Amino acid sequence: MRQSQAETRRQHDVAKRSMTKEAKQLAALIAGLRKSLEAISKERANSKLTGAEMGLLDERRNNLLLTIAALDDRLSAVQGLINLGRPHIIRVH
């Protein structure tokens, strides 16, 4: 029985490390995407852009906003599981 508890504890520790690493990676990725968003805003302020160029920048901006929102949700979920003490290894297929 003790061996089973030790194995469970080991799996818990591995999962916690894995999720903590994922949270750090997500936070860094989100920060990079926010910088890209700022660059798009600065580029969009250029008065020499055509309507088509503005449309492309708006589309990129919208796609970035959606991506950031999805990653924020994922980060929140990972942090919530870590804070609850219920980390698990997330398998992506």
# chains A, B, ... in the order shown; residues from 1 in each chain; ligands from 1
>>> select_by_dssp(residues="chain A", states="alpha helix (DSSP H)", output="ChimeraX atom specification")
/A:2-44,51-84
>>> write_last_selection(atoms="C-alpha atoms", output="compact mmCIF listing (two decimals), in the first residue's frame")
# COMPACT_ATOMS: atom_id res chain seq x y z
CA ARG A 2 2.81 2.41 0.81
CA GLN A 3 4.35 1.79 -2.58
CA SER A 4 1.06 2.78 -4.23
CA GLN A 5 0.93 6.00 -2.21
CA ALA A 6 4.52 6.80 -3.12
CA GLU A 7 3.75 6.23 -6.81
CA THR A 8 0.66 8.44 -6.60
CA ARG A 9 2.69 11.17 -4.88
CA ARG A 10 5.40 10.90 -7.55
CA GLN A 11 2.82 11.20 -10.34
CA HIS A 12 1.29 14.20 -8.58
CA ASP A 13 4.71 15.90 -8.36
CA VAL A 14 5.45 15.18 -12.03
CA ALA A 15 2.07 16.56 -13.04
CA LYS A 16 2.57 19.69 -10.92
CA ARG A 17 5.97 20.36 -12.49
CA SER A 18 4.53 19.78 -15.95
CA MET A 19 1.60 22.12 -15.38
CA THR A 20 3.79 24.79 -13.80
CA LYS A 21 6.03 24.66 -16.86
CA GLU A 22 2.99 24.92 -19.12
CA ALA A 23 1.72 27.94 -17.18
CA LYS A 24 5.07 29.72 -17.60
CA GLN A 25 5.12 28.94 -21.32
CA LEU A 26 1.56 30.17 -21.78
CA ALA A 27 2.29 33.40 -19.91
CA ALA A 28 5.36 34.05 -22.09
CA LEU A 29 3.41 33.28 -25.26
CA ILE A 30 0.58 35.61 -24.24
CA ALA A 31 3.08 38.39 -23.48
CA GLY A 32 4.64 37.97 -26.94
CA LEU A 33 1.24 38.08 -28.63
CA ARG A 34 0.34 41.24 -26.72
CA LYS A 35 3.53 42.88 -28.05
CA SER A 36 2.49 41.88 -31.56
CA LEU A 37 -0.90 43.44 -30.89
CA GLU A 38 0.79 46.70 -29.85
CA ALA A 39 2.90 46.65 -33.02
CA ILE A 40 -0.24 46.23 -35.13
CA SER A 41 -1.86 49.18 -33.34
CA LYS A 42 1.18 51.36 -34.07
CA GLU A 43 1.27 50.25 -37.69
CA ARG A 44 -2.45 50.92 -38.03
CA GLY A 51 -8.25 50.57 -46.96
CA ALA A 52 -7.17 47.05 -47.90
CA GLU A 53 -4.07 47.29 -45.72
CA MET A 54 -6.18 48.55 -42.82
CA GLY A 55 -8.55 45.63 -43.33
CA LEU A 56 -5.67 43.14 -43.22
CA LEU A 57 -4.33 44.70 -40.04
CA ASP A 58 -7.79 44.60 -38.49
CA GLU A 59 -8.12 40.92 -39.38
CA ARG A 60 -4.70 40.13 -37.87
CA ARG A 61 -5.66 42.11 -34.77
CA ASN A 62 -8.94 40.22 -34.38
CA ASN A 63 -7.20 36.86 -34.82
CA LEU A 64 -4.61 37.82 -32.20
CA LEU A 65 -7.33 38.91 -29.79
CA LEU A 66 -9.14 35.58 -30.18
CA THR A 67 -5.90 33.63 -29.73
CA ILE A 68 -4.96 35.63 -26.63
CA ALA A 69 -8.44 35.07 -25.14
CA ALA A 70 -8.20 31.31 -25.72
CA LEU A 71 -4.70 31.13 -24.22
CA ASP A 72 -5.84 33.24 -21.24
CA ASP A 73 -8.63 30.73 -20.64
CA ARG A 74 -6.18 27.84 -20.83
CA LEU A 75 -3.75 29.59 -18.48
CA SER A 76 -6.54 30.29 -16.01
CA ALA A 77 -7.60 26.63 -16.06
CA VAL A 78 -4.04 25.37 -15.52
CA GLN A 79 -3.43 27.82 -12.68
CA GLY A 80 -6.74 26.88 -11.11
CA LEU A 81 -5.87 23.18 -11.09
CA ILE A 82 -2.45 23.90 -9.62
CA ASN A 83 -3.97 26.12 -6.90
CA LEU A 84 -6.55 23.46 -6.06
>>> decode(residues="range 46-72 of chain A", atoms="N, CA, C and O atoms", output="mmCIF file, in the first residue's frame")
data_model
loop_
_atom_site.group_PDB
_atom_site.id
_atom_site.type_symbol
_atom_site.label_atom_id
_atom_site.label_comp_id
_atom_site.auth_asym_id
_atom_site.auth_seq_id
_atom_site.Cartn_x
_atom_site.Cartn_y
_atom_site.Cartn_z
ATOM 1 N N ASN A 46 -0.564 54.547 -38.843
ATOM 2 C CA ASN A 46 0.066 55.146 -40.015
ATOM 3 C C ASN A 46 -1.030 55.615 -40.984
ATOM 4 O O ASN A 46 -1.848 54.834 -41.443
ATOM 5 N N SER A 47 -1.033 56.901 -41.294
ATOM 6 C CA SER A 47 -2.097 57.455 -42.134
ATOM 7 C C SER A 47 -1.932 57.138 -43.617
ATOM 8 O O SER A 47 -2.827 57.411 -44.404
ATOM 9 N N LYS A 48 -0.823 56.561 -43.998
ATOM 10 C CA LYS A 48 -0.576 56.280 -45.411
ATOM 11 C C LYS A 48 -1.092 54.912 -45.852
ATOM 12 O O LYS A 48 -0.882 54.500 -46.982
ATOM 13 N N LEU A 49 -1.779 54.206 -44.982
ATOM 14 C CA LEU A 49 -2.272 52.880 -45.318
ATOM 15 C C LEU A 49 -3.528 52.962 -46.179
ATOM 16 O O LEU A 49 -4.367 53.832 -45.985
ATOM 17 N N THR A 50 -3.649 52.014 -47.086
ATOM 18 C CA THR A 50 -4.862 51.930 -47.905
ATOM 19 C C THR A 50 -5.948 51.214 -47.105
ATOM 20 O O THR A 50 -5.675 50.609 -46.060
ATOM 21 N N GLY A 51 -7.147 51.254 -47.617
ATOM 22 C CA GLY A 51 -8.254 50.569 -46.958
ATOM 23 C C GLY A 51 -8.020 49.076 -46.858
ATOM 24 O O GLY A 51 -8.339 48.443 -45.843
ATOM 25 N N ALA A 52 -7.450 48.489 -47.910
ATOM 26 C CA ALA A 52 -7.171 47.052 -47.903
ATOM 27 C C ALA A 52 -6.130 46.701 -46.844
ATOM 28 O O ALA A 52 -6.256 45.686 -46.142
ATOM 29 N N GLU A 53 -5.112 47.539 -46.724
ATOM 30 C CA GLU A 53 -4.073 47.292 -45.719
ATOM 31 C C GLU A 53 -4.646 47.413 -44.305
ATOM 32 O O GLU A 53 -4.303 46.627 -43.426
ATOM 33 N N MET A 54 -5.521 48.398 -44.127
ATOM 34 C CA MET A 54 -6.180 48.553 -42.818
ATOM 35 C C MET A 54 -7.023 47.322 -42.509
ATOM 36 O O MET A 54 -7.034 46.840 -41.378
ATOM 37 N N GLY A 55 -7.728 46.821 -43.511
ATOM 38 C CA GLY A 55 -8.551 45.627 -43.333
ATOM 39 C C GLY A 55 -7.723 44.420 -42.936
ATOM 40 O O GLY A 55 -8.117 43.644 -42.054
ATOM 41 N N LEU A 56 -6.563 44.259 -43.568
ATOM 42 C CA LEU A 56 -5.673 43.140 -43.221
ATOM 43 C C LEU A 56 -5.163 43.272 -41.789
ATOM 44 O O LEU A 56 -5.112 42.285 -41.050
ATOM 45 N N LEU A 57 -4.798 44.491 -41.417
ATOM 46 C CA LEU A 57 -4.325 44.703 -40.043
ATOM 47 C C LEU A 57 -5.444 44.434 -39.036
ATOM 48 O O LEU A 57 -5.199 43.848 -37.974
ATOM 49 N N ASP A 58 -6.655 44.852 -39.375
ATOM 50 C CA ASP A 58 -7.794 44.596 -38.487
ATOM 51 C C ASP A 58 -8.042 43.095 -38.338
ATOM 52 O O ASP A 58 -8.336 42.605 -37.244
ATOM 53 N N GLU A 59 -7.916 42.371 -39.442
ATOM 54 C CA GLU A 59 -8.116 40.919 -39.382
ATOM 55 C C GLU A 59 -7.032 40.257 -38.527
ATOM 56 O O GLU A 59 -7.340 39.386 -37.698
ATOM 57 N N ARG A 60 -5.794 40.674 -38.709
ATOM 58 C CA ARG A 60 -4.702 40.132 -37.870
ATOM 59 C C ARG A 60 -4.949 40.451 -36.404
ATOM 60 O O ARG A 60 -4.744 39.605 -35.527
ATOM 61 N N ARG A 61 -5.382 41.687 -36.146
ATOM 62 C CA ARG A 61 -5.659 42.110 -34.766
ATOM 63 C C ARG A 61 -6.762 41.251 -34.151
ATOM 64 O O ARG A 61 -6.641 40.784 -33.016
ATOM 65 N N ASN A 62 -7.836 41.040 -34.892
ATOM 66 C CA ASN A 62 -8.940 40.221 -34.383
ATOM 67 C C ASN A 62 -8.494 38.786 -34.118
ATOM 68 O O ASN A 62 -8.876 38.190 -33.099
ATOM 69 N N ASN A 63 -7.704 38.220 -35.023
ATOM 70 C CA ASN A 63 -7.202 36.861 -34.824
ATOM 71 C C ASN A 63 -6.307 36.779 -33.590
ATOM 72 O O ASN A 63 -6.387 35.816 -32.814
ATOM 73 N N LEU A 64 -5.472 37.790 -33.397
ATOM 74 C CA LEU A 64 -4.615 37.820 -32.204
ATOM 75 C C LEU A 64 -5.448 37.919 -30.931
ATOM 76 O O LEU A 64 -5.158 37.241 -29.938
ATOM 77 N N LEU A 65 -6.476 38.758 -30.966
ATOM 78 C CA LEU A 65 -7.334 38.908 -29.788
ATOM 79 C C LEU A 65 -8.019 37.590 -29.429
ATOM 80 O O LEU A 65 -8.098 37.227 -28.247
ATOM 81 N N LEU A 66 -8.495 36.872 -30.437
ATOM 82 C CA LEU A 66 -9.137 35.577 -30.184
ATOM 83 C C LEU A 66 -8.135 34.563 -29.633
ATOM 84 O O LEU A 66 -8.445 33.806 -28.712
ATOM 85 N N THR A 67 -6.943 34.559 -30.198
ATOM 86 C CA THR A 67 -5.902 33.632 -29.731
ATOM 87 C C THR A 67 -5.508 33.940 -28.294
ATOM 88 O O THR A 67 -5.386 33.036 -27.463
ATOM 89 N N ILE A 68 -5.329 35.216 -27.994
ATOM 90 C CA ILE A 68 -4.962 35.626 -26.634
ATOM 91 C C ILE A 68 -6.062 35.232 -25.651
ATOM 92 O O ILE A 68 -5.777 34.722 -24.556
ATOM 93 N N ALA A 69 -7.324 35.430 -26.023
ATOM 94 C CA ALA A 69 -8.437 35.070 -25.142
ATOM 95 C C ALA A 69 -8.445 33.567 -24.864
ATOM 96 O O ALA A 69 -8.637 33.140 -23.716
ATOM 97 N N ALA A 70 -8.217 32.762 -25.911
ATOM 98 C CA ALA A 70 -8.203 31.306 -25.725
ATOM 99 C C ALA A 70 -7.038 30.880 -24.835
ATOM 100 O O ALA A 70 -7.197 30.029 -23.948
ATOM 101 N N LEU A 71 -5.865 31.474 -25.047
ATOM 102 C CA LEU A 71 -4.703 31.132 -24.223
ATOM 103 C C LEU A 71 -4.886 31.603 -22.785
ATOM 104 O O LEU A 71 -4.450 30.934 -21.849
ATOM 105 N N ASP A 72 -5.522 32.756 -22.604
ATOM 106 C CA ASP A 72 -5.836 33.240 -21.244
ATOM 107 C C ASP A 72 -6.740 32.250 -20.513
ATOM 108 O O ASP A 72 -6.543 31.977 -19.328
#
